[in-house]
Amino acid sequence: MAKEKTTKSKKEKLSDKLFLKQKNCWEEIDKKTEKEIEDFASSYKQFLDMGKTERECTEVICDLLNKNGFVNIESLKGKKISSGMKIYQNIRGKSVIAAVAGKKPAAEGCNILGAHIDSPRLDLKQKPLYEDSDLALFDTHYYGGIKKYQWTAIPLSMHGVFINENGKKTTIKIGEEPGDPVFTVTDLLPHLAREQMEKKASAAVDGEDLDILAGSRPYNDKDEKEKVKLYLLDLLNKKYGITEKDFTSAEIEFVPAFKASDVGLDRSLIGAYGHDDRCCAWPALQALLTVAREKSAPEKPIVCYLSDKEETGSAGNTGARALNFENFLALLCGGSFQDMRQCFTKCSMLSADVNAAFDPTYAGVFDKKNAPYIGKGIVLEKYTGSGGKYGASDANAEYCAKVQAIMNKNKIQWQCGELGKVDKGGGGTIALYAANLGMDVLDCGVPVLSMHSPFEVISKIDLYVTYKGYTAFLRDL
């Protein structure tokens, strides 16, 4: 019997040495860390509620940067950037780049966290308001990858800006405060939906049918044909000074009206709109601020890039494919584009983006061995893309090992991730565009349930571990 026990013990030790084992992160949390997790989750939920659009996120982020001693590059006026200087750039009110200058020159490389702050939503068309059957509706064009049927019969809020011919900006936010009205996209009752329910899910609701119910009260003018539409325009004109013409240049977005909430009896999860990718943007920003508060400057410059337009391919002058990021790094390099090009090849970046968490309800689309799991920490994803890794940057082995070593050194629990089974789908991030500049880049972020739905779910502990992982990356690479 004693001999059998010894043999069993040796086998256990060998498996501990050779197997990749990943525990649920909650299993090793003490009371102090548990409080830190809750505090971090609380600040994140506040950020989500304050920043439901990329413009609102940018405003919150820039305010926080200002409070932490960061200086807008527009105020530098040719001043040389010195070690430890904290700077940022607000890009057209829709994306942000922030940095802390290091002891070493930027030409020797930077440590970069790159996330995005846009999320799927419903945008108004340029001529959106119309009347039909004594109802007023807004015509929309959906933004990003959504399941269209998920956006019907839920409360929506109205966010955005109107810009008049003189450049005056009027900000609008309706549906977020207690007592505010909300909006909705109507759906068909089951009793009359036989034909609808026989369609594929992708065709059950047409994109052109995602029209938002805006009102039903007519203006008191018997000679007016569109009385309900006129009543709403009159309300908007009296409160905001806008006319129908102002919609043609406006950016108006409709997003879920509900607040970020704890999910589950144990409150271990957070349900909210916009986790993708704000649950990585917030930890990335907080990691930058944490390192920026330290007494000495970082060895290398550290950068946090929070971009727009990722959900539609990162195009446009506020997306990751624009020259904004290159121009900012050129500034860090003292204005030398030659140094900037050298910098690119020596930069290390984490593309701070989410991954699809394994969902036992839909287990058939996941490769269970390679899928990330809720509660098991930050996800390191070597490649994204679809099909034969199409559109993936596919990080090299040397860089993957280096990032894993940082996580291990700092006792950050990490897990591997892949976006579903081969040929089941796929997706991409801004990693591709950073890699095209010559940087080492790896996707790295929080696992998410119900991704791209109006109510996504993450684990509080994964959020916190991701923040700790990003902080370790900025400090130690």
# chains A, B, ... in the order shown; residues from 1 in each chain; ligands from 1

call {"tool": "residues_around", "arguments": {"residues": "A:Arg293", "least_positions_apart": "3", "cutoff": "12 Å", "atoms": "only C-alpha atoms", "output": "PyMOL selection string"}}
result
chain A and resi 65+67-70+84-86+100+286-290+296-298+471

call {"tool": "residues_around", "arguments": {"residues": "stretch 253-255 of chain A", "least_positions_apart": "2", "cutoff": "7 Å", "atoms": "only C-alpha atoms", "output": "PyMOL selection string"}}
result
chain A and resi 121-124+156-160+251+257

call {"tool": "select_by_dssp", "arguments": {"residues": "stretch 320-451 of chain A", "states": "strand (DSSP E)", "output": "PyMOL selection string"}}
result
chain A and resi 348-351+355-356+378-381+385-386+414-416+426-427+440-445+447-448

call {"tool": "write_last_selection", "arguments": {"atoms": "N, CA and C atoms", "output": "compact mmCIF listing (two decimals), in the first residue's frame"}}
result
# COMPACT_ATOMS: atom_id res chain seq x y z
N SER A 348 6.33 47.14 -28.67
CA SER A 348 5.59 45.96 -28.21
C SER A 348 4.17 46.41 -27.87
N MET A 349 3.19 45.71 -28.39
CA MET A 349 1.80 46.13 -28.22
C MET A 349 0.91 44.96 -27.81
N LEU A 350 -0.02 45.25 -26.92
CA LEU A 350 -1.15 44.36 -26.68
C LEU A 350 -2.37 44.99 -27.31
N SER A 351 -2.97 44.28 -28.26
CA SER A 351 -4.26 44.71 -28.80
C SER A 351 -5.30 44.33 -27.77
N ASN A 355 -12.60 38.60 -26.12
CA ASN A 355 -12.74 37.32 -26.80
C ASN A 355 -14.07 36.69 -26.37
N ALA A 356 -14.58 35.77 -27.17
CA ALA A 356 -15.85 35.11 -26.87
C ALA A 356 -15.63 34.01 -25.83
N ILE A 378 -7.15 36.70 -17.80
CA ILE A 378 -6.93 37.43 -19.05
C ILE A 378 -6.69 36.44 -20.19
N VAL A 379 -7.21 36.79 -21.38
CA VAL A 379 -7.10 35.90 -22.54
C VAL A 379 -5.97 36.37 -23.46
N LEU A 380 -5.04 35.48 -23.76
CA LEU A 380 -4.00 35.75 -24.74
C LEU A 380 -4.38 35.02 -26.03
N GLU A 381 -4.63 35.79 -27.08
CA GLU A 381 -5.12 35.22 -28.34
C GLU A 381 -4.07 35.45 -29.43
N GLY A 385 -8.92 36.61 -37.03
CA GLY A 385 -9.17 36.28 -38.43
C GLY A 385 -10.31 35.29 -38.60
N SER A 386 -10.46 34.78 -39.81
CA SER A 386 -11.50 33.80 -40.12
C SER A 386 -10.98 32.85 -41.19
N TRP A 414 -3.40 33.73 -16.85
CA TRP A 414 -3.80 33.93 -18.23
C TRP A 414 -4.32 32.62 -18.81
N GLN A 415 -5.06 32.75 -19.89
CA GLN A 415 -5.57 31.60 -20.60
C GLN A 415 -5.49 31.86 -22.11
N CYS A 416 -5.46 30.78 -22.88
CA CYS A 416 -5.45 30.92 -24.33
C CYS A 416 -6.87 31.17 -24.83
N GLY A 426 -15.47 33.88 -37.03
CA GLY A 426 -14.21 34.57 -36.82
C GLY A 426 -14.42 36.06 -36.66
N GLY A 427 -13.32 36.79 -36.55
CA GLY A 427 -13.40 38.23 -36.36
C GLY A 427 -12.00 38.82 -36.35
N ASP A 440 5.51 44.21 -32.81
CA ASP A 440 5.07 42.95 -32.19
C ASP A 440 3.74 43.23 -31.52
N VAL A 441 2.73 42.40 -31.81
CA VAL A 441 1.40 42.65 -31.24
C VAL A 441 0.70 41.33 -30.98
N LEU A 442 -0.01 41.30 -29.86
CA LEU A 442 -0.77 40.12 -29.45
C LEU A 442 -2.12 40.57 -28.92
N ASP A 443 -3.19 39.90 -29.33
CA ASP A 443 -4.51 40.21 -28.78
C ASP A 443 -4.60 39.70 -27.35
N CYS A 444 -5.18 40.52 -26.49
CA CYS A 444 -5.12 40.22 -25.07
C CYS A 444 -6.24 40.96 -24.34
N GLY A 445 -7.21 40.23 -23.77
CA GLY A 445 -8.31 40.94 -23.12
C GLY A 445 -9.23 40.07 -22.30
N PRO A 447 -12.70 37.82 -21.52
CA PRO A 447 -13.70 36.95 -22.15
C PRO A 447 -15.11 37.47 -21.90
N VAL A 448 -15.98 37.40 -22.92
CA VAL A 448 -17.32 38.00 -22.86
C VAL A 448 -18.37 36.99 -23.29

call {"tool": "closest_residue", "arguments": {"among": "A:Ser307, A:Ser43, A:Asn410, A:Ser15", "to": "A:Leu474", "atoms": "only C-alpha atoms"}}
result
A:Asn410

call {"tool": "residues_around", "arguments": {"residues": "stretch 134-140 of chain A", "least_positions_apart": "3", "cutoff": "10 Å", "atoms": "only C-alpha atoms", "output": "mmCIF file with all heavy atoms, in the first residue's frame"}}
result
data_model
loop_
_atom_site.group_PDB
_atom_site.id
_atom_site.type_symbol
_atom_site.label_atom_id
_atom_site.label_comp_id
_atom_site.auth_asym_id
_atom_site.auth_seq_id
_atom_site.Cartn_x
_atom_site.Cartn_y
_atom_site.Cartn_z
ATOM 1 N N ARG A 121 -24.479 49.626 -32.466
ATOM 2 C CA ARG A 121 -25.571 50.524 -32.078
ATOM 3 C C ARG A 121 -26.471 50.765 -33.282
ATOM 4 O O ARG A 121 -26.247 50.202 -34.361
ATOM 5 C CB ARG A 121 -24.989 51.858 -31.596
ATOM 6 C CG ARG A 121 -24.142 52.537 -32.679
ATOM 7 C CD ARG A 121 -23.532 53.828 -32.232
ATOM 8 N NE ARG A 121 -22.917 54.548 -33.327
ATOM 9 C CZ ARG A 121 -21.616 54.636 -33.571
ATOM 10 N NH1 ARG A 121 -20.768 54.036 -32.760
ATOM 11 N NH2 ARG A 121 -21.161 55.329 -34.598
ATOM 12 N N LEU A 122 -27.453 51.644 -33.112
ATOM 13 C CA LEU A 122 -28.307 52.108 -34.203
ATOM 14 C C LEU A 122 -28.032 53.587 -34.434
ATOM 15 O O LEU A 122 -28.166 54.387 -33.512
ATOM 16 C CB LEU A 122 -29.785 51.900 -33.874
ATOM 17 C CG LEU A 122 -30.236 50.467 -33.581
ATOM 18 C CD1 LEU A 122 -31.738 50.437 -33.298
ATOM 19 C CD2 LEU A 122 -29.892 49.529 -34.727
ATOM 20 N N ASP A 123 -27.618 53.945 -35.640
ATOM 21 C CA ASP A 123 -27.380 55.346 -36.011
ATOM 22 C C ASP A 123 -28.567 55.883 -36.805
ATOM 23 O O ASP A 123 -29.172 55.151 -37.603
ATOM 24 C CB ASP A 123 -26.129 55.471 -36.891
ATOM 25 C CG ASP A 123 -24.841 55.278 -36.114
ATOM 26 O OD1 ASP A 123 -24.882 55.305 -34.873
ATOM 27 O OD2 ASP A 123 -23.787 55.089 -36.761
ATOM 28 N N LEU A 124 -28.876 57.174 -36.614
ATOM 29 C CA LEU A 124 -29.902 57.786 -37.437
ATOM 30 C C LEU A 124 -29.381 58.067 -38.831
ATOM 31 O O LEU A 124 -28.220 58.439 -39.028
ATOM 32 C CB LEU A 124 -30.378 59.104 -36.813
ATOM 33 C CG LEU A 124 -31.261 59.029 -35.571
ATOM 34 C CD1 LEU A 124 -31.889 60.390 -35.290
ATOM 35 C CD2 LEU A 124 -32.345 57.968 -35.700
ATOM 36 N N LYS A 125 -30.261 57.902 -39.823
ATOM 37 C CA LYS A 125 -29.930 58.322 -41.180
ATOM 38 C C LYS A 125 -29.957 59.844 -41.248
ATOM 39 O O LYS A 125 -30.356 60.518 -40.291
ATOM 40 C CB LYS A 125 -30.918 57.714 -42.175
ATOM 41 C CG LYS A 125 -30.798 56.199 -42.308
ATOM 42 C CD LYS A 125 -31.712 55.688 -43.404
ATOM 43 C CE LYS A 125 -31.553 54.191 -43.597
ATOM 44 N NZ LYS A 125 -32.405 53.666 -44.699
ATOM 45 N N GLN A 126 -29.564 60.390 -42.399
ATOM 46 C CA GLN A 126 -29.466 61.848 -42.506
ATOM 47 C C GLN A 126 -30.836 62.532 -42.534
ATOM 48 O O GLN A 126 -30.977 63.653 -42.062
ATOM 49 C CB GLN A 126 -28.661 62.222 -43.751
ATOM 50 C CG GLN A 126 -27.177 61.912 -43.614
ATOM 51 C CD GLN A 126 -26.401 62.303 -44.836
ATOM 52 O OE1 GLN A 126 -26.342 61.578 -45.822
ATOM 53 N NE2 GLN A 126 -25.806 63.479 -44.800
ATOM 54 N N LYS A 127 -31.828 61.873 -43.107
ATOM 55 C CA LYS A 127 -33.203 62.380 -43.074
ATOM 56 C C LYS A 127 -34.059 61.335 -42.363
ATOM 57 O O LYS A 127 -34.781 60.565 -42.987
ATOM 58 C CB LYS A 127 -33.718 62.645 -44.486
ATOM 59 C CG LYS A 127 -32.990 63.771 -45.205
ATOM 60 C CD LYS A 127 -33.462 63.918 -46.651
ATOM 61 C CE LYS A 127 -34.921 64.334 -46.724
ATOM 62 N NZ LYS A 127 -35.362 64.515 -48.140
ATOM 63 N N PRO A 128 -33.992 61.320 -41.026
ATOM 64 C CA PRO A 128 -34.537 60.174 -40.290
ATOM 65 C C PRO A 128 -36.016 60.272 -39.886
ATOM 66 O O PRO A 128 -36.690 59.254 -39.789
ATOM 67 C CB PRO A 128 -33.665 60.138 -39.037
ATOM 68 C CG PRO A 128 -33.326 61.575 -38.788
ATOM 69 C CD PRO A 128 -33.230 62.221 -40.153
ATOM 70 N N LEU A 129 -36.501 61.464 -39.615
ATOM 71 C CA LEU A 129 -37.813 61.593 -38.983
ATOM 72 C C LEU A 129 -38.927 61.559 -40.031
ATOM 73 O O LEU A 129 -38.923 62.339 -40.987
ATOM 74 C CB LEU A 129 -37.878 62.889 -38.168
ATOM 75 C CG LEU A 129 -39.149 63.113 -37.337
ATOM 76 C CD1 LEU A 129 -39.354 61.989 -36.326
ATOM 77 C CD2 LEU A 129 -39.069 64.469 -36.617
ATOM 78 N N TYR A 130 -39.869 60.640 -39.850
ATOM 79 C CA TYR A 130 -41.015 60.574 -40.754
ATOM 80 C C TYR A 130 -42.263 60.177 -39.985
ATOM 81 O O TYR A 130 -42.192 59.708 -38.847
ATOM 82 C CB TYR A 130 -40.742 59.603 -41.908
ATOM 83 C CG TYR A 130 -40.703 58.136 -41.517
ATOM 84 C CD1 TYR A 130 -41.822 57.329 -41.681
ATOM 85 C CD2 TYR A 130 -39.541 57.554 -41.012
ATOM 86 C CE1 TYR A 130 -41.804 55.983 -41.344
ATOM 87 C CE2 TYR A 130 -39.508 56.216 -40.676
ATOM 88 C CZ TYR A 130 -40.640 55.421 -40.845
ATOM 89 O OH TYR A 130 -40.611 54.089 -40.509
ATOM 90 N N GLU A 131 -43.414 60.355 -40.625
ATOM 91 C CA GLU A 131 -44.694 60.035 -40.014
ATOM 92 C C GLU A 131 -45.433 59.018 -40.856
ATOM 93 O O GLU A 131 -45.454 59.098 -42.086
ATOM 94 C CB GLU A 131 -45.539 61.303 -39.870
ATOM 95 C CG GLU A 131 -46.907 61.057 -39.221
ATOM 96 C CD GLU A 131 -47.693 62.348 -39.017
ATOM 97 O OE1 GLU A 131 -47.064 63.411 -38.889
ATOM 98 O OE2 GLU A 131 -48.944 62.272 -38.975
ATOM 99 N N TYR A 143 -24.993 49.991 -36.904
ATOM 100 C CA TYR A 143 -23.534 50.181 -36.913
ATOM 101 C C TYR A 143 -22.888 48.963 -36.277
ATOM 102 O O TYR A 143 -23.176 48.610 -35.125
ATOM 103 C CB TYR A 143 -23.184 51.444 -36.117
ATOM 104 C CG TYR A 143 -21.703 51.698 -35.895
ATOM 105 C CD1 TYR A 143 -20.979 52.523 -36.744
ATOM 106 C CD2 TYR A 143 -21.026 51.121 -34.817
ATOM 107 C CE1 TYR A 143 -19.633 52.772 -36.532
ATOM 108 C CE2 TYR A 143 -19.678 51.363 -34.595
ATOM 109 C CZ TYR A 143 -18.987 52.184 -35.460
ATOM 110 O OH TYR A 143 -17.648 52.418 -35.245
ATOM 111 N N PHE A 183 -37.012 55.246 -25.941
ATOM 112 C CA PHE A 183 -37.458 54.945 -27.295
ATOM 113 C C PHE A 183 -37.423 53.426 -27.487
ATOM 114 O O PHE A 183 -36.866 52.703 -26.663
ATOM 115 C CB PHE A 183 -36.545 55.627 -28.309
ATOM 116 C CG PHE A 183 -36.419 57.114 -28.114
ATOM 117 C CD1 PHE A 183 -35.487 57.637 -27.206
ATOM 118 C CD2 PHE A 183 -37.220 57.999 -28.808
ATOM 119 C CE1 PHE A 183 -35.367 59.008 -27.016
ATOM 120 C CE2 PHE A 183 -37.108 59.372 -28.627
ATOM 121 C CZ PHE A 183 -36.180 59.871 -27.732
ATOM 122 N N THR A 184 -37.992 52.953 -28.572
ATOM 123 C CA THR A 184 -37.957 51.515 -28.826
ATOM 124 C C THR A 184 -38.186 51.223 -30.304
ATOM 125 O O THR A 184 -38.748 52.049 -31.030
ATOM 126 C CB THR A 184 -39.004 50.772 -27.967
ATOM 127 O OG1 THR A 184 -38.720 49.370 -27.981
ATOM 128 C CG2 THR A 184 -40.417 51.022 -28.469
ATOM 129 N N VAL A 185 -37.728 50.045 -30.723
ATOM 130 C CA VAL A 185 -38.061 49.494 -32.038
ATOM 131 C C VAL A 185 -39.166 48.475 -31.809
ATOM 132 O O VAL A 185 -38.997 47.536 -31.015
ATOM 133 C CB VAL A 185 -36.843 48.815 -32.693
ATOM 134 C CG1 VAL A 185 -37.234 48.177 -34.022
ATOM 135 C CG2 VAL A 185 -35.709 49.813 -32.883
ATOM 136 N N GLY A 207 -32.917 45.121 -41.839
ATOM 137 C CA GLY A 207 -32.218 46.330 -41.395
ATOM 138 C C GLY A 207 -33.055 47.581 -41.570
ATOM 139 O O GLY A 207 -33.033 48.484 -40.732
ATOM 140 N N GLU A 208 -33.836 47.643 -42.654
ATOM 141 C CA GLU A 208 -34.673 48.814 -42.911
ATOM 142 C C GLU A 208 -35.865 48.898 -41.961
ATOM 143 O O GLU A 208 -36.544 49.917 -41.903
ATOM 144 C CB GLU A 208 -35.170 48.814 -44.356
ATOM 145 C CG GLU A 208 -34.130 49.237 -45.367
ATOM 146 C CD GLU A 208 -33.784 50.722 -45.301
ATOM 147 O OE1 GLU A 208 -34.424 51.463 -44.522
ATOM 148 O OE2 GLU A 208 -32.852 51.142 -46.015
ATOM 149 N N ASP A 209 -36.120 47.817 -41.218
ATOM 150 C CA ASP A 209 -37.247 47.820 -40.279
ATOM 151 C C ASP A 209 -36.831 48.177 -38.852
ATOM 152 O O ASP A 209 -37.663 48.152 -37.933
ATOM 153 C CB ASP A 209 -37.930 46.450 -40.276
ATOM 154 C CG ASP A 209 -38.646 46.169 -41.583
ATOM 155 O OD1 ASP A 209 -38.956 47.140 -42.303
ATOM 156 O OD2 ASP A 209 -38.890 44.985 -41.881
ATOM 157 N N LEU A 210 -35.570 48.505 -38.648
ATOM 158 C CA LEU A 210 -35.119 48.913 -37.315
ATOM 159 C C LEU A 210 -35.404 50.404 -37.099
ATOM 160 O O LEU A 210 -34.520 51.199 -36.776
ATOM 161 C CB LEU A 210 -33.624 48.618 -37.138
ATOM 162 C CG LEU A 210 -33.243 47.138 -37.048
ATOM 163 C CD1 LEU A 210 -31.727 46.964 -37.068
ATOM 164 C CD2 LEU A 210 -33.823 46.506 -35.782
ATOM 165 N N ASP A 211 -36.650 50.764 -37.279
ATOM 166 C CA ASP A 211 -37.062 52.160 -37.113
ATOM 167 C C ASP A 211 -37.554 52.388 -35.692
ATOM 168 O O ASP A 211 -38.245 51.536 -35.114
ATOM 169 C CB ASP A 211 -38.151 52.514 -38.124
ATOM 170 C CG ASP A 211 -37.614 52.586 -39.541
ATOM 171 O OD1 ASP A 211 -36.394 52.379 -39.716
ATOM 172 O OD2 ASP A 211 -38.397 52.839 -40.464
ATOM 173 N N ILE A 212 -37.204 53.525 -35.144
ATOM 174 C CA ILE A 212 -37.407 53.801 -33.726
ATOM 175 C C ILE A 212 -38.671 54.615 -33.507
ATOM 176 O O ILE A 212 -38.871 55.667 -34.134
ATOM 177 C CB ILE A 212 -36.180 54.544 -33.164
ATOM 178 C CG1 ILE A 212 -34.967 53.601 -33.174
ATOM 179 C CG2 ILE A 212 -36.440 55.073 -31.761
ATOM 180 C CD1 ILE A 212 -33.652 54.286 -32.969
ATOM 181 N N LEU A 213 -39.521 54.126 -32.630
ATOM 182 C CA LEU A 213 -40.757 54.819 -32.300
ATOM 183 C C LEU A 213 -40.434 56.093 -31.520
ATOM 184 O O LEU A 213 -39.810 56.048 -30.462
ATOM 185 C CB LEU A 213 -41.660 53.909 -31.467
ATOM 186 C CG LEU A 213 -43.066 54.417 -31.156
ATOM 187 C CD1 LEU A 213 -43.866 54.655 -32.435
ATOM 188 C CD2 LEU A 213 -43.786 53.418 -30.253
ATOM 189 N N ALA A 214 -40.854 57.236 -32.072
ATOM 190 C CA ALA A 214 -40.458 58.531 -31.508
ATOM 191 C C ALA A 214 -41.610 59.321 -30.905
ATOM 192 O O ALA A 214 -41.382 60.226 -30.103
ATOM 193 C CB ALA A 214 -39.783 59.379 -32.583
ATOM 194 N N GLY A 215 -42.846 59.031 -31.283
ATOM 195 C CA GLY A 215 -43.974 59.775 -30.728
ATOM 196 C C GLY A 215 -45.266 59.523 -31.474
ATOM 197 O O GLY A 215 -45.281 58.865 -32.523
ATOM 198 N N SER A 216 -46.363 60.078 -30.934
ATOM 199 C CA SER A 216 -47.677 59.856 -31.552
ATOM 200 C C SER A 216 -48.640 61.032 -31.384
ATOM 201 O O SER A 216 -49.785 60.959 -31.816
ATOM 202 C CB SER A 216 -48.333 58.599 -30.959
ATOM 203 O OG SER A 216 -48.610 58.787 -29.577
ATOM 204 N N ARG A 217 -48.177 62.112 -30.785
ATOM 205 C CA ARG A 217 -49.073 63.236 -30.484
ATOM 206 C C ARG A 217 -49.060 64.247 -31.644
ATOM 207 O O ARG A 217 -47.994 64.701 -32.056
ATOM 208 C CB ARG A 217 -48.628 63.914 -29.191
ATOM 209 C CG ARG A 217 -49.561 65.020 -28.730
ATOM 210 C CD ARG A 217 -49.170 65.457 -27.336
ATOM 211 N NE ARG A 217 -49.993 66.557 -26.862
ATOM 212 C CZ ARG A 217 -49.952 67.041 -25.624
ATOM 213 N NH1 ARG A 217 -49.115 66.512 -24.743
ATOM 214 N NH2 ARG A 217 -50.738 68.036 -25.260
ATOM 215 N N PRO A 218 -50.238 64.633 -32.153
ATOM 216 C CA PRO A 218 -50.285 65.560 -33.292
ATOM 217 C C PRO A 218 -50.191 67.026 -32.872
ATOM 218 O O PRO A 218 -50.635 67.403 -31.785
ATOM 219 C CB PRO A 218 -51.644 65.270 -33.926
ATOM 220 C CG PRO A 218 -52.492 64.817 -32.770
ATOM 221 C CD PRO A 218 -51.572 64.088 -31.828
ATOM 222 N N GLU A 226 -48.478 66.425 -41.776
ATOM 223 C CA GLU A 226 -47.652 65.600 -40.883
ATOM 224 C C GLU A 226 -47.647 66.216 -39.485
ATOM 225 O O GLU A 226 -46.663 66.794 -39.037
ATOM 226 C CB GLU A 226 -46.230 65.493 -41.441
ATOM 227 C CG GLU A 226 -46.166 64.779 -42.783
ATOM 228 C CD GLU A 226 -44.756 64.710 -43.325
ATOM 229 O OE1 GLU A 226 -44.181 65.766 -43.639
ATOM 230 O OE2 GLU A 226 -44.222 63.578 -43.406
ATOM 231 N N LYS A 227 -48.749 66.061 -38.795
ATOM 232 C CA LYS A 227 -48.926 66.734 -37.504
ATOM 233 C C LYS A 227 -48.042 66.150 -36.406
ATOM 234 O O LYS A 227 -47.528 66.881 -35.566
ATOM 235 C CB LYS A 227 -50.388 66.654 -37.085
ATOM 236 C CG LYS A 227 -51.357 67.363 -38.017
ATOM 237 C CD LYS A 227 -52.786 67.196 -37.550
ATOM 238 C CE LYS A 227 -53.756 67.841 -38.544
ATOM 239 N NZ LYS A 227 -55.158 67.670 -38.105
ATOM 240 N N VAL A 228 -47.883 64.834 -36.392
ATOM 241 C CA VAL A 228 -47.070 64.191 -35.339
ATOM 242 C C VAL A 228 -45.594 64.546 -35.530
ATOM 243 O O VAL A 228 -44.892 64.888 -34.570
ATOM 244 C CB VAL A 228 -47.273 62.666 -35.338
ATOM 245 C CG1 VAL A 228 -46.423 62.012 -34.243
ATOM 246 C CG2 VAL A 228 -48.738 62.323 -35.133
ATOM 247 N N LYS A 229 -45.130 64.482 -36.764
ATOM 248 C CA LYS A 229 -43.752 64.868 -37.054
ATOM 249 C C LYS A 229 -43.510 66.317 -36.672
ATOM 250 O O LYS A 229 -42.476 66.641 -36.068
ATOM 251 C CB LYS A 229 -43.467 64.656 -38.541
ATOM 252 C CG LYS A 229 -42.094 65.125 -38.991
ATOM 253 C CD LYS A 229 -41.881 64.881 -40.478
ATOM 254 C CE LYS A 229 -40.555 65.461 -40.954
ATOM 255 N NZ LYS A 229 -40.327 65.219 -42.399
ATOM 256 N N LEU A 230 -44.465 67.195 -37.001
ATOM 257 C CA LEU A 230 -44.315 68.613 -36.670
ATOM 258 C C LEU A 230 -44.273 68.826 -35.163
ATOM 259 O O LEU A 230 -43.494 69.653 -34.672
ATOM 260 C CB LEU A 230 -45.461 69.417 -37.283
ATOM 261 C CG LEU A 230 -45.427 70.928 -37.040
ATOM 262 C CD1 LEU A 230 -44.154 71.536 -37.606
ATOM 263 C CD2 LEU A 230 -46.670 71.606 -37.628
ATOM 264 N N TYR A 231 -45.078 68.075 -34.425
ATOM 265 C CA TYR A 231 -45.091 68.213 -32.964
ATOM 266 C C TYR A 231 -43.712 67.897 -32.385
ATOM 267 O O TYR A 231 -43.201 68.616 -31.521
ATOM 268 C CB TYR A 231 -46.142 67.288 -32.348
ATOM 269 C CG TYR A 231 -46.405 67.563 -30.890
ATOM 270 C CD1 TYR A 231 -47.415 68.437 -30.489
ATOM 271 C CD2 TYR A 231 -45.642 66.956 -29.886
ATOM 272 C CE1 TYR A 231 -47.664 68.699 -29.143
ATOM 273 C CE2 TYR A 231 -45.869 67.211 -28.547
ATOM 274 C CZ TYR A 231 -46.881 68.075 -28.188
ATOM 275 O OH TYR A 231 -47.107 68.342 -26.851
ATOM 276 N N LEU A 232 -43.077 66.824 -32.872
ATOM 277 C CA LEU A 232 -41.759 66.452 -32.361
ATOM 278 C C LEU A 232 -40.690 67.461 -32.761
ATOM 279 O O LEU A 232 -39.818 67.810 -31.952
ATOM 280 C CB LEU A 232 -41.371 65.065 -32.873
ATOM 281 C CG LEU A 232 -42.221 63.891 -32.389
ATOM 282 C CD1 LEU A 232 -41.553 62.581 -32.761
ATOM 283 C CD2 LEU A 232 -42.453 63.933 -30.891
ATOM 284 N N ILE A 252 -26.212 61.059 -34.440
ATOM 285 C CA ILE A 252 -27.151 60.655 -33.395
ATOM 286 C C ILE A 252 -27.180 59.134 -33.325
ATOM 287 O O ILE A 252 -27.417 58.450 -34.324
ATOM 288 C CB ILE A 252 -28.569 61.198 -33.676
ATOM 289 C CG1 ILE A 252 -28.539 62.727 -33.860
ATOM 290 C CG2 ILE A 252 -29.513 60.806 -32.542
ATOM 291 C CD1 ILE A 252 -28.075 63.494 -32.640
ATOM 292 N N GLU A 253 -26.933 58.611 -32.130
ATOM 293 C CA GLU A 253 -26.859 57.176 -31.906
ATOM 294 C C GLU A 253 -27.908 56.745 -30.890
ATOM 295 O O GLU A 253 -28.155 57.453 -29.908
ATOM 296 C CB GLU A 253 -25.459 56.802 -31.391
ATOM 297 C CG GLU A 253 -24.327 57.296 -32.279
ATOM 298 C CD GLU A 253 -22.950 57.131 -31.652
ATOM 299 O OE1 GLU A 253 -22.860 56.421 -30.609
ATOM 300 O OE2 GLU A 253 -21.978 57.686 -32.178
ATOM 301 N N PHE A 254 -28.506 55.582 -31.115
ATOM 302 C CA PHE A 254 -29.432 54.995 -30.153
ATOM 303 C C PHE A 254 -28.794 53.752 -29.559
ATOM 304 O O PHE A 254 -28.320 52.863 -30.287
ATOM 305 C CB PHE A 254 -30.766 54.667 -30.820
ATOM 306 C CG PHE A 254 -31.646 55.870 -31.002
ATOM 307 C CD1 PHE A 254 -31.446 56.740 -32.055
ATOM 308 C CD2 PHE A 254 -32.655 56.161 -30.091
ATOM 309 C CE1 PHE A 254 -32.237 57.857 -32.218
ATOM 310 C CE2 PHE A 254 -33.455 57.276 -30.242
ATOM 311 C CZ PHE A 254 -33.259 58.133 -31.312
#

call {"tool": "residues_around", "arguments": {"residues": "stretch 238-243 of chain A", "least_positions_apart": "2", "cutoff": "12 Å", "atoms": "only C-alpha atoms", "output": "count of residues only"}}
result
28

call {"tool": "residues_around", "arguments": {"residues": "A:Ser202", "least_positions_apart": "2", "cutoff": "10 Å", "atoms": "only C-alpha atoms", "output": "list in words"}}
result
Ile146, Lys147, Lys148, Tyr149, Lys199, Lys200, Ala204, Val205, Asp206 and Gly207 of chain A

call {"tool": "write_last_selection", "arguments": {"atoms": "C-alpha atoms", "output": "PDB file, in the first residue's frame"}}
result
ATOM      1  CA  ILE A 146     -25.460  42.892 -34.606  1.00  0.00           C
ATOM      2  CA  LYS A 147     -28.244  40.340 -34.457  1.00  0.00           C
ATOM      3  CA  LYS A 148     -30.974  42.691 -35.618  1.00  0.00           C
ATOM      4  CA  TYR A 149     -33.797  40.930 -33.772  1.00  0.00           C
ATOM      5  CA  LYS A 199     -37.484  32.918 -41.545  1.00  0.00           C
ATOM      6  CA  LYS A 200     -33.818  32.512 -40.661  1.00  0.00           C
ATOM      7  CA  ALA A 204     -36.434  37.814 -39.160  1.00  0.00           C
ATOM      8  CA  VAL A 205     -35.940  41.586 -38.879  1.00  0.00           C
ATOM      9  CA  ASP A 206     -34.786  43.584 -41.885  1.00  0.00           C
ATOM     10  CA  GLY A 207     -32.218  46.330 -41.395  1.00  0.00           C
TER      11      GLY A 207
END
